file model_37.cif (mmCIF, C-alpha atoms)
data_model
#
loop_
_atom_site.label_atom_id
_atom_site.label_comp_id
_atom_site.auth_asym_id
_atom_site.auth_seq_id
_atom_site.Cartn_x
_atom_site.Cartn_y
_atom_site.Cartn_z
CA MET A 1 22.57 22.40 5.45
CA HIS A 2 24.02 18.93 4.79
CA PHE A 3 20.45 17.58 4.60
CA LEU A 4 19.56 20.16 1.92
CA GLY A 5 22.31 18.71 -0.29
CA GLU A 6 20.95 15.20 0.30
CA LEU A 7 17.40 16.38 -0.45
CA ILE A 8 18.53 17.93 -3.76
CA LEU A 9 20.15 14.60 -4.73
CA ILE A 10 17.03 12.65 -3.69
CA LEU A 11 14.61 14.87 -5.65
CA LEU A 12 16.81 14.90 -8.78
CA ALA A 13 17.40 11.13 -8.73
CA THR A 14 13.75 10.18 -8.07
CA THR A 15 12.49 12.54 -10.80
CA LEU A 16 15.00 11.41 -13.46
CA LEU A 17 14.76 7.67 -12.73
CA GLY A 18 10.96 7.91 -12.33
CA GLN A 19 10.79 9.55 -15.79
CA LEU A 20 13.09 6.90 -17.28
CA PHE A 21 10.90 4.04 -16.01
CA SER A 22 7.72 5.81 -17.17
CA ARG A 23 9.25 6.10 -20.66
CA LEU A 24 9.90 2.33 -20.53
CA ASN A 25 6.18 1.82 -19.70
CA MET A 26 7.09 0.66 -16.20
CA PRO A 27 5.95 2.03 -12.82
CA ALA A 28 7.76 5.27 -11.85
CA VAL A 29 7.83 4.02 -8.24
CA ILE A 30 10.43 1.40 -9.25
CA GLY A 31 12.73 4.21 -10.41
CA GLN A 32 12.19 6.03 -7.10
CA LEU A 33 13.09 2.90 -5.13
CA LEU A 34 16.17 2.30 -7.25
CA SER A 35 17.20 5.92 -6.53
CA GLY A 36 17.55 4.98 -2.86
CA ILE A 37 19.62 1.90 -3.71
CA LEU A 38 21.82 3.93 -6.09
CA LEU A 39 22.38 6.88 -3.72
CA GLY A 40 22.60 4.76 -0.56
CA PRO A 41 25.26 2.56 1.06
CA ALA A 42 24.53 -0.32 -1.36
CA ILE A 43 26.18 1.49 -4.36
CA LEU A 44 27.36 5.15 -4.28
CA GLY A 45 27.09 5.91 -0.54
CA LEU A 46 26.17 9.58 -1.19
CA VAL A 47 23.13 9.51 1.15
CA LYS A 48 23.03 7.65 4.46
CA PRO A 49 19.97 6.96 6.66
CA ASN A 50 19.55 9.69 9.30
CA GLU A 51 16.91 11.17 11.61
CA ILE A 52 15.72 13.94 9.25
CA ILE A 53 15.32 11.53 6.31
CA SER A 54 13.47 9.16 8.66
CA LEU A 55 11.14 11.97 9.80
CA PHE A 56 10.40 13.07 6.20
CA SER A 57 9.85 9.41 5.30
CA GLU A 58 7.34 8.88 8.13
CA PHE A 59 5.37 11.94 7.06
CA GLY A 60 5.57 10.72 3.44
CA VAL A 61 4.04 7.35 4.30
CA ILE A 62 1.21 9.05 6.25
CA LEU A 63 0.44 11.28 3.23
CA LEU A 64 0.65 8.28 0.88
CA MET A 65 -1.91 6.31 2.91
CA PHE A 66 -4.11 9.42 3.25
CA LEU A 67 -4.09 9.70 -0.57
CA ALA A 68 -4.83 5.95 -0.88
CA GLY A 69 -7.96 6.54 1.23
CA LEU A 70 -8.90 9.59 -0.89
CA GLU A 71 -8.63 7.52 -4.06
CA SER A 72 -10.84 4.67 -2.76
CA ASP A 73 -14.21 4.88 -4.52
CA LEU A 74 -16.78 3.50 -2.07
CA ASP A 75 -19.65 4.04 -4.56
CA LEU A 76 -17.95 1.59 -6.92
CA LEU A 77 -17.49 -0.75 -3.97
CA LYS A 78 -21.21 -0.60 -3.08
CA LYS A 79 -22.23 -1.33 -6.68
CA TYR A 80 -20.04 -4.43 -7.00
CA PHE A 81 -19.75 -5.34 -3.33
CA LYS A 82 -20.11 -9.16 -3.52
CA LEU A 83 -17.71 -9.49 -6.44
CA SER A 84 -15.18 -7.02 -4.99
CA PHE A 85 -15.30 -8.53 -1.51
CA THR A 86 -14.89 -12.11 -2.81
CA VAL A 87 -11.94 -11.25 -5.09
CA ALA A 88 -10.26 -9.14 -2.39
CA GLY A 89 -11.04 -11.50 0.51
CA ILE A 90 -9.56 -14.54 -1.22
CA GLY A 91 -6.76 -12.27 -2.49
CA VAL A 92 -5.81 -11.47 1.11
CA ILE A 93 -6.22 -15.02 2.51
CA LEU A 94 -4.15 -16.87 -0.14
CA PRO A 95 -0.95 -14.74 0.09
CA VAL A 96 -1.07 -14.75 3.91
CA PHE A 97 -1.54 -18.55 3.88
CA PHE A 98 0.93 -19.55 1.15
CA MET A 99 3.64 -17.00 1.91
CA GLY A 100 3.22 -17.46 5.65
CA ILE A 101 3.80 -21.23 5.32
CA ALA A 102 6.76 -20.68 2.95
CA SER A 103 8.36 -18.18 5.36
CA TYR A 104 7.88 -20.63 8.25
CA LEU A 105 9.59 -23.37 6.20
CA PHE A 106 12.48 -20.94 5.55
CA GLY A 107 13.09 -20.80 9.32
CA MET A 108 11.00 -17.89 10.59
CA ASN A 109 8.87 -18.18 13.72
CA PHE A 110 5.06 -18.12 13.52
CA LEU A 111 4.58 -14.35 14.04
CA GLU A 112 7.39 -13.42 11.62
CA ALA A 113 5.98 -15.75 8.96
CA LEU A 114 2.46 -14.37 9.48
CA PHE A 115 3.67 -10.78 9.13
CA ILE A 116 5.50 -11.58 5.86
CA GLY A 117 2.21 -13.01 4.57
CA ILE A 118 0.50 -9.73 5.54
CA VAL A 119 3.15 -7.72 3.63
CA PHE A 120 1.96 -9.40 0.41
CA ALA A 121 -1.78 -9.19 1.16
CA ALA A 122 -2.38 -5.74 -0.39
CA THR A 123 -2.69 -4.84 -4.09
CA SER A 124 -1.45 -1.63 -5.76
CA VAL A 125 -4.14 -0.80 -8.28
CA SER A 126 -2.45 2.36 -9.65
CA ILE A 127 -0.17 0.36 -11.95
CA SER A 128 -3.04 -1.81 -13.27
CA VAL A 129 -5.17 1.30 -13.86
CA VAL A 130 -2.54 2.77 -16.23
CA VAL A 131 -2.52 -0.45 -18.31
CA LEU A 132 -6.34 -0.64 -18.34
CA GLN A 133 -6.69 3.02 -19.35
CA GLU A 134 -4.21 2.68 -22.23
CA ALA A 135 -6.18 -0.33 -23.56
CA ASN A 136 -9.60 1.36 -22.99
CA GLN A 137 -10.55 -1.48 -20.62
CA ILE A 138 -11.15 0.53 -17.45
CA HIS A 139 -14.97 0.39 -17.71
CA THR A 140 -15.22 -3.27 -18.73
CA ARG A 141 -16.45 -5.94 -16.29
CA ALA A 142 -12.87 -7.03 -15.60
CA GLY A 143 -11.65 -3.43 -15.15
CA THR A 144 -14.47 -2.63 -12.73
CA ALA A 145 -13.79 -5.85 -10.78
CA ILE A 146 -10.11 -4.90 -10.40
CA LEU A 147 -10.93 -1.36 -9.20
CA GLY A 148 -13.59 -2.50 -6.71
CA ALA A 149 -11.48 -5.38 -5.38
CA ALA A 150 -8.46 -3.09 -4.93
CA VAL A 151 -10.51 -0.76 -2.67
CA VAL A 152 -11.63 -3.69 -0.48
CA ASP A 153 -8.13 -5.18 -0.65
CA ASP A 154 -6.51 -2.05 0.82
CA ILE A 155 -9.18 -1.80 3.57
CA LEU A 156 -8.75 -5.50 4.47
CA ALA A 157 -4.94 -5.19 4.45
CA VAL A 158 -5.12 -2.19 6.80
CA ILE A 159 -7.53 -4.07 9.14
CA VAL A 160 -5.32 -7.20 9.10
CA LEU A 161 -2.27 -5.01 9.88
CA SER A 162 -4.23 -3.41 12.76
CA LEU A 163 -5.19 -6.83 14.16
CA PHE A 164 -1.61 -8.05 13.89
CA THR A 165 -0.17 -5.08 15.80
CA THR A 166 -2.90 -5.66 18.43
CA PHE A 167 -2.29 -9.38 18.89
CA SER A 168 1.52 -9.17 18.57
CA HIS A 169 3.48 -7.75 21.48
CA GLU A 170 6.73 -7.63 19.49
CA GLY A 171 8.50 -4.39 18.69
CA GLY A 172 7.00 -2.58 21.68
CA LYS A 173 3.56 -2.31 20.06
CA SER A 174 1.57 -3.31 23.15
CA GLY A 175 -0.95 -0.45 23.34
CA LEU A 176 -1.89 1.91 26.16
CA THR A 177 -1.89 -0.64 28.98
CA ASN A 178 -0.25 -3.97 29.80
CA ASN A 179 -3.63 -5.73 29.60
CA PHE A 180 -4.30 -7.22 26.16
CA PHE A 181 -8.11 -7.22 26.46
CA ILE A 182 -8.25 -3.60 27.64
CA ASN A 183 -6.02 -2.64 24.67
CA LEU A 184 -8.33 -4.53 22.33
CA LEU A 185 -11.36 -2.74 23.79
CA ILE A 186 -9.63 0.67 23.37
CA GLU A 187 -8.88 -0.15 19.73
CA ILE A 188 -12.50 -1.21 19.10
CA VAL A 189 -13.56 2.17 20.58
CA TYR A 190 -11.11 3.80 18.14
CA PHE A 191 -12.82 2.14 15.16
CA VAL A 192 -16.24 3.23 16.47
CA ALA A 193 -14.82 6.78 16.65
CA VAL A 194 -13.57 6.39 13.05
CA TRP A 195 -17.14 5.53 11.96
CA VAL A 196 -18.46 8.64 13.78
CA VAL A 197 -15.83 10.81 12.05
CA PHE A 198 -16.66 9.18 8.72
CA LYS A 199 -20.42 9.66 9.08
CA PHE A 200 -20.81 12.95 10.96
CA VAL A 201 -17.60 14.82 11.85
CA ALA A 202 -15.83 14.95 8.44
CA PRO A 203 -18.72 16.49 6.42
CA TYR A 204 -19.38 19.14 9.13
CA PHE A 205 -15.68 19.85 9.67
CA MET A 206 -15.01 20.30 5.93
CA LYS A 207 -18.01 22.65 5.54
CA LEU A 208 -16.64 24.68 8.43
CA ALA A 209 -13.16 24.78 6.85
CA GLU A 210 -14.71 26.03 3.60
CA LYS A 211 -16.09 29.09 5.41
CA VAL A 212 -12.67 30.09 6.79
CA GLU A 213 -11.26 32.94 4.71
CA VAL A 214 -7.67 31.70 4.65
CA ASP A 215 -5.82 30.33 1.62
CA TYR A 216 -6.01 26.51 1.46
CA ALA A 217 -8.21 26.35 4.60
CA VAL A 218 -9.99 23.25 3.21
CA VAL A 219 -6.65 21.46 2.64
CA ILE A 220 -5.37 22.47 6.09
CA GLY A 221 -8.64 21.26 7.64
CA SER A 222 -8.38 17.89 5.88
CA LEU A 223 -4.76 17.46 7.04
CA VAL A 224 -5.70 18.38 10.64
CA LEU A 225 -8.43 15.72 10.55
CA ALA A 226 -6.25 13.03 8.94
CA LEU A 227 -3.19 13.72 11.11
CA SER A 228 -5.39 13.68 14.23
CA MET A 229 -6.72 10.25 13.22
CA ALA A 230 -3.17 9.05 12.51
CA TRP A 231 -1.95 10.36 15.89
CA ALA A 232 -4.92 8.76 17.70
CA ALA A 233 -4.27 5.40 15.97
CA ASP A 234 -0.64 5.45 17.07
CA PHE A 235 -1.67 6.55 20.59
CA VAL A 236 -3.99 3.53 21.08
CA GLY A 237 -1.36 1.06 19.82
CA LEU A 238 -2.26 0.79 16.13
CA SER A 239 -0.13 2.06 13.25
CA ALA A 240 -0.41 5.74 12.28
CA VAL A 241 -0.93 4.67 8.64
CA VAL A 242 -4.22 3.02 9.67
CA GLY A 243 -5.57 6.36 10.91
CA ALA A 244 -4.25 8.22 7.85
CA PHE A 245 -5.97 5.75 5.50
CA PHE A 246 -9.35 6.05 7.24
CA GLY A 247 -8.87 9.85 7.34
CA GLY A 248 -8.58 9.77 3.55
CA LEU A 249 -11.69 7.56 3.28
CA ALA A 250 -13.64 10.03 5.46
CA ILE A 251 -12.60 13.07 3.36
CA ARG A 252 -13.43 11.13 0.16
CA GLN A 253 -17.12 11.23 1.16
CA THR A 254 -17.15 15.04 1.24
CA PRO A 255 -17.65 17.39 -1.77
CA GLN A 256 -14.23 18.97 -1.13
CA TYR A 257 -12.20 15.79 -1.71
CA LYS A 258 -10.98 16.72 -5.23
CA GLU A 259 -9.45 19.99 -4.02
CA VAL A 260 -7.84 18.14 -1.11
CA GLN A 261 -6.55 15.36 -3.37
CA SER A 262 -4.96 17.80 -5.81
CA SER A 263 -3.21 19.87 -3.11
CA VAL A 264 -2.08 16.99 -0.89
CA SER A 265 -0.74 15.12 -3.95
CA ALA A 266 1.36 18.21 -4.75
CA ILE A 267 2.69 18.40 -1.18
CA GLY A 268 3.33 14.67 -0.90
CA TYR A 269 4.74 13.79 -4.32
CA SER A 270 6.97 16.86 -4.54
CA ILE A 271 8.99 16.16 -1.38
CA PHE A 272 7.85 13.69 1.29
CA ILE A 273 6.77 10.62 -0.74
CA PRO A 274 9.98 10.51 -2.85
CA VAL A 275 11.98 10.61 0.41
CA PHE A 276 9.89 7.66 1.72
CA PHE A 277 10.72 5.52 -1.34
CA VAL A 278 14.38 6.52 -1.24
CA ASN A 279 14.53 5.70 2.48
CA ILE A 280 13.42 2.14 1.68
CA GLY A 281 16.21 1.87 -0.90
CA LEU A 282 18.75 3.27 1.60
CA SER A 283 18.08 0.27 3.87
CA MET A 284 18.88 -2.25 1.14
CA THR A 285 22.10 -4.16 0.72
CA PHE A 286 23.12 -6.97 -1.62
CA ALA A 287 25.19 -8.79 0.99
CA SER A 288 22.66 -11.62 1.44
CA PHE A 289 21.36 -11.72 -2.16
CA VAL A 290 23.12 -14.98 -3.13
CA LYS A 291 22.32 -16.57 0.24
CA ASP A 292 18.61 -15.69 -0.11
CA ILE A 293 18.23 -16.51 -3.81
CA TRP A 294 15.88 -19.47 -3.22
CA PHE A 295 13.82 -17.42 -0.76
CA ILE A 296 13.49 -14.66 -3.41
CA ILE A 297 12.52 -17.12 -6.19
CA VAL A 298 9.96 -19.04 -4.10
CA MET A 299 8.38 -15.90 -2.61
CA THR A 300 8.14 -14.22 -6.04
CA ILE A 301 6.36 -17.25 -7.55
CA LEU A 302 3.97 -17.47 -4.58
CA ALA A 303 3.36 -13.69 -4.63
CA VAL A 304 2.31 -13.82 -8.30
CA VAL A 305 0.40 -17.11 -8.20
CA SER A 306 -1.56 -16.42 -4.98
CA LYS A 307 -3.02 -13.11 -6.22
CA PHE A 308 -3.51 -14.36 -9.78
CA TRP A 309 -5.45 -17.46 -8.70
CA ALA A 310 -7.51 -15.47 -6.21
CA GLY A 311 -8.57 -12.93 -8.85
CA LYS A 312 -9.08 -15.48 -11.64
CA TYR A 313 -11.12 -18.17 -9.89
CA SER A 314 -13.17 -15.93 -7.59
CA SER A 315 -14.27 -13.72 -10.55
CA GLU A 316 -15.17 -16.85 -12.56
CA LEU A 317 -17.62 -17.71 -9.74
CA PHE A 318 -19.56 -14.57 -10.80
CA GLY A 319 -19.88 -15.64 -14.44
CA PHE A 320 -16.69 -14.11 -15.89
CA THR A 321 -15.14 -15.88 -18.89
CA LYS A 322 -11.77 -17.61 -18.42
CA ASN A 323 -9.85 -14.77 -20.07
CA GLU A 324 -11.77 -12.09 -18.12
CA GLY A 325 -10.77 -14.04 -15.01
CA ASN A 326 -7.15 -13.99 -16.21
CA ILE A 327 -7.34 -10.19 -16.60
CA VAL A 328 -8.73 -9.76 -13.05
CA GLY A 329 -6.05 -12.10 -11.68
CA ALA A 330 -3.25 -10.25 -13.52
CA GLY A 331 -4.62 -6.89 -12.36
CA MET A 332 -4.33 -7.95 -8.71
CA VAL A 333 -0.70 -9.16 -8.87
CA SER A 334 1.09 -5.82 -8.34
CA ARG A 335 1.98 -5.01 -4.71
CA GLY A 336 3.55 -1.55 -4.96
CA GLU A 337 3.20 1.15 -2.32
CA VAL A 338 1.06 -0.55 0.36
CA ALA A 339 3.33 -3.62 0.54
CA LEU A 340 6.36 -1.31 0.84
CA ILE A 341 4.64 0.59 3.68
CA VAL A 342 3.81 -2.62 5.58
CA ALA A 343 7.38 -3.91 5.07
CA GLN A 344 8.74 -0.60 6.41
CA ILE A 345 6.51 -0.87 9.50
CA GLY A 346 7.76 -4.42 9.98
CA ILE A 347 11.45 -3.52 9.88
CA THR A 348 10.92 -0.48 12.13
CA HIS A 349 9.22 -2.58 14.82
CA HIS A 350 11.43 -5.70 14.36
CA LEU A 351 8.51 -7.88 13.23
CA PHE A 352 10.70 -10.02 10.94
CA PRO A 353 14.47 -10.71 10.63
CA GLU A 354 16.42 -7.68 9.37
CA ASP A 355 18.63 -9.80 7.10
CA ILE A 356 15.71 -10.68 4.79
CA TYR A 357 14.41 -7.09 4.45
CA SER A 358 16.31 -6.43 1.19
CA SER A 359 15.03 -9.72 -0.26
CA LEU A 360 11.41 -8.83 0.62
CA ILE A 361 11.74 -5.42 -1.06
CA LEU A 362 13.20 -7.11 -4.13
CA VAL A 363 10.22 -9.51 -4.32
CA ILE A 364 7.82 -6.53 -4.08
CA ILE A 365 9.73 -4.78 -6.90
CA ILE A 366 9.70 -7.90 -9.12
CA THR A 367 5.92 -8.44 -8.71
CA THR A 368 5.29 -4.74 -9.39
CA VAL A 369 7.37 -4.89 -12.59
CA LEU A 370 5.86 -8.21 -13.78
CA SER A 371 2.23 -7.19 -13.23
CA PRO A 372 1.77 -4.76 -16.19
CA PHE A 373 3.36 -7.27 -18.60
CA ILE A 374 1.05 -10.12 -17.48
CA LEU A 375 -2.02 -7.84 -17.55
CA ASN A 376 -1.15 -6.47 -20.99
CA TYR A 377 -0.76 -10.02 -22.36
CA TYR A 378 -4.27 -11.10 -21.25
CA ILE A 379 -5.89 -7.83 -22.39
CA LYS A 380 -4.42 -8.37 -25.89
CA ARG A 381 -5.82 -11.91 -25.88
CA GLU A 382 -9.25 -10.57 -24.88
CA LEU A 383 -9.17 -7.94 -27.65
CA LYS A 384 -8.21 -10.62 -30.21
CA ASN A 385 -11.18 -12.76 -29.12
CA ASP A 386 -13.51 -9.75 -29.60
#
call {"tool": "encode", "arguments": {"input": "model_37.cif", "output": "structure tokens"}}
result
Amino acid sequence: MHFLGELILILLATTLLGQLFSRLNMPAVIGQLLSGILLGPAILGLVKPNEIISLFSEFGVILLMFLAGLESDLDLLKKYFKLSFTVAGIGVILPVFFMGIASYLFGMNFLEALFIGIVFAATSVSISVVVLQEANQIHTRAGTAILGAAVVDDILAVIVLSLFTTFSHEGGKSGLTNNFFINLLIEIVYFVAVWVVFKFVAPYFMKLAEKVEVDYAVVIGSLVLALSMAWAADFVGLSAVVGAFFGGLAIRQTPQYKEVQSSVSAIGYSIFIPVFFVNIGLSMTFASFVKDIWFIIVMTILAVVSKFWAGKYSSELFGFTKNEGNIVGAGMVSRGEVALIVAQIGITHHLFPEDIYSSLILVIIITTVLSPFILNYYIKRELKND
């Protein structure tokens, strides 16, 4: 019963603060994160991390990555593959390189520094989409480039995360056996199985679910498929979020995906996903804020610049004007949900020092808040030029 009281507080705080930030034309997710900081040990101390919150949070992150897969438009990706892959590929390499080196210079070992680079490899397109829609720029060349690159970006970030957990033996993530090469082979087999599910199993399975005369059978079927892929990914030594993401991608290719997306969004965003964001905030403290101030400043600058340059200069290679390149670069800056998920995986499996966790979350929040302002500035410049 104590947890029910905490859940009421969490849902009220995330809804009210999310609404406040939306009214301020800022991402609602920032309000949800701040709810965790406000309710948690850092400020009010009304909610403390516990096993039930952790369990809800883990299910929330699986649903969030499943929805990210559902929202990934592979048709758009096929149409603008070269452009999207170039923007996203460079957009993954530069943050890993620059932020990895910076983390190493701040005293982290090689694997810790590499993982921090991976945290900042992904882009959250949802925030950029809102800005593009409001300015009627979603179907422009720059808008399409941002959407396509974000799909590839998420896929690449998930693959890089998978490779890291395979090659790193820290945090107990060593796979099914003690032999690295056998583990690698098992994980390759897993990805072959993912392709089979994607191509053959998902369409047949969803058709079958549609014939079952039970309420929400299609949604239940999609969750069974996605959760099975998440469980299998965890079983072979990968992260469960990897399986959930590819489960979403597989369902996206079926005619039933809109029904699934609507229902799973309702399940996720009403309870489990708010708890995930609050759980991140619960882990934050301000004890090391002053000590880490230079780390925060340097990492924020590198987080913004690495994505901005990647988007700007790689899109200009495909004939975009300088300002169109600026729009693409600005649209790729926001980190948002995926970066938070990767950071959470890192702290859970001790893949970087615990004392810099709060600082990393703060850098993710700052880039997420800055992104819409930078994007809006360059869109206004583009509209003036027209």
call {"tool": "atom_distance", "arguments": {"input": "model_37.cif", "atom1": "CA of Val151 in chain A", "atom2": "CA of Ser84 in chain A"}}
result
8.1 Å
call {"tool": "atom_distance", "arguments": {"input": "model_37.cif", "atom1": "CA of Glu71 in chain A", "atom2": "CA of Phe115 in chain A"}}
result
25.7 Å
call {"tool": "residues_around", "arguments": {"input": "model_37.cif", "residues": "Val189 in chain A", "least_positions_apart": "6", "cutoff": "12 Å", "atoms": "all atoms listed in the file", "output": "number ranges by chain"}}
result
A: 182-183, 195-196, 232-233, 236
call {"tool": "closest_residue", "arguments": {"input": "model_37.cif", "among": "A:Val194, A:Leu208, A:Val278, A:Ile188", "to": "Ala13 in chain A", "atoms": "all atoms listed in the file"}}
result
A:Val278
call {"tool": "closest_residue", "arguments": {"input": "model_37.cif", "among": "A:Ala343, A:Leu114, A:Val92, A:Leu282", "to": "Leu44 in chain A", "atoms": "only C-alpha atoms"}}
result
A:Leu282
call {"tool": "closest_residue", "arguments": {"input": "model_37.cif", "among": "A:Ala157, A:Leu360, A:Leu20, A:Asn323", "to": "Tyr377 in chain A", "atoms": "only C-alpha atoms"}}
result
A:Asn323
call {"tool": "closest_residue", "arguments": {"input": "model_37.cif", "among": "A:Val342, A:Leu351, A:Leu238, A:Leu12", "to": "Asn109 in chain A", "atoms": "only C-alpha atoms"}}
result
A:Leu351
call {"tool": "residues_around", "arguments": {"input": "model_37.cif", "residues": "Tyr357 in chain A", "least_positions_apart": "3", "cutoff": "8 Å", "atoms": "all atoms listed in the file", "output": "MDAnalysis selection string"}}
result
chainID A and resid 284 343 347 353:354 360:361
call {"tool": "build_atoms", "arguments": {"input": "model_37.cif", "residues": "range 307-323 of chain A", "atoms": "N, CA and C atoms", "output": "compact mmCIF listing (two decimals), keeping the file's coordinate frame"}}
result
# COMPACT_ATOMS: atom_id res chain seq x y z
N LYS A 307 -2.11 -14.18 -5.80
CA LYS A 307 -3.02 -13.11 -6.22
C LYS A 307 -3.71 -13.44 -7.54
N PHE A 308 -2.96 -14.04 -8.46
CA PHE A 308 -3.51 -14.36 -9.78
C PHE A 308 -4.65 -15.37 -9.64
N TRP A 309 -4.41 -16.44 -8.91
CA TRP A 309 -5.45 -17.46 -8.70
C TRP A 309 -6.66 -16.88 -7.99
N ALA A 310 -6.40 -16.07 -6.97
CA ALA A 310 -7.51 -15.47 -6.21
C ALA A 310 -8.41 -14.64 -7.12
N GLY A 311 -7.79 -13.78 -7.95
CA GLY A 311 -8.57 -12.93 -8.85
C GLY A 311 -9.26 -13.73 -9.94
N LYS A 312 -8.55 -14.69 -10.51
CA LYS A 312 -9.08 -15.48 -11.64
C LYS A 312 -10.28 -16.33 -11.22
N TYR A 313 -10.08 -17.19 -10.21
CA TYR A 313 -11.12 -18.17 -9.89
C TYR A 313 -12.30 -17.55 -9.13
N SER A 314 -12.06 -16.55 -8.31
CA SER A 314 -13.17 -15.93 -7.59
C SER A 314 -14.05 -15.11 -8.55
N SER A 315 -13.45 -14.46 -9.58
CA SER A 315 -14.27 -13.72 -10.55
C SER A 315 -15.05 -14.67 -11.46
N GLU A 316 -14.46 -15.86 -11.74
CA GLU A 316 -15.17 -16.85 -12.56
C GLU A 316 -16.42 -17.38 -11.85
N LEU A 317 -16.42 -17.33 -10.51
CA LEU A 317 -17.62 -17.71 -9.74
C LEU A 317 -18.80 -16.79 -10.05
N PHE A 318 -18.51 -15.55 -10.50
CA PHE A 318 -19.56 -14.57 -10.80
C PHE A 318 -19.87 -14.49 -12.30
N GLY A 319 -19.50 -15.55 -13.03
CA GLY A 319 -19.88 -15.64 -14.44
C GLY A 319 -18.90 -15.02 -15.42
N PHE A 320 -17.70 -14.65 -14.97
CA PHE A 320 -16.69 -14.11 -15.89
C PHE A 320 -16.15 -15.23 -16.77
N THR A 321 -15.77 -14.89 -18.02
CA THR A 321 -15.14 -15.88 -18.89
C THR A 321 -13.73 -16.18 -18.35
N LYS A 322 -13.11 -17.23 -18.89
CA LYS A 322 -11.77 -17.61 -18.42
C LYS A 322 -10.77 -16.48 -18.64
N ASN A 323 -10.84 -15.83 -19.80
CA ASN A 323 -9.85 -14.77 -20.07
C ASN A 323 -10.14 -13.51 -19.26
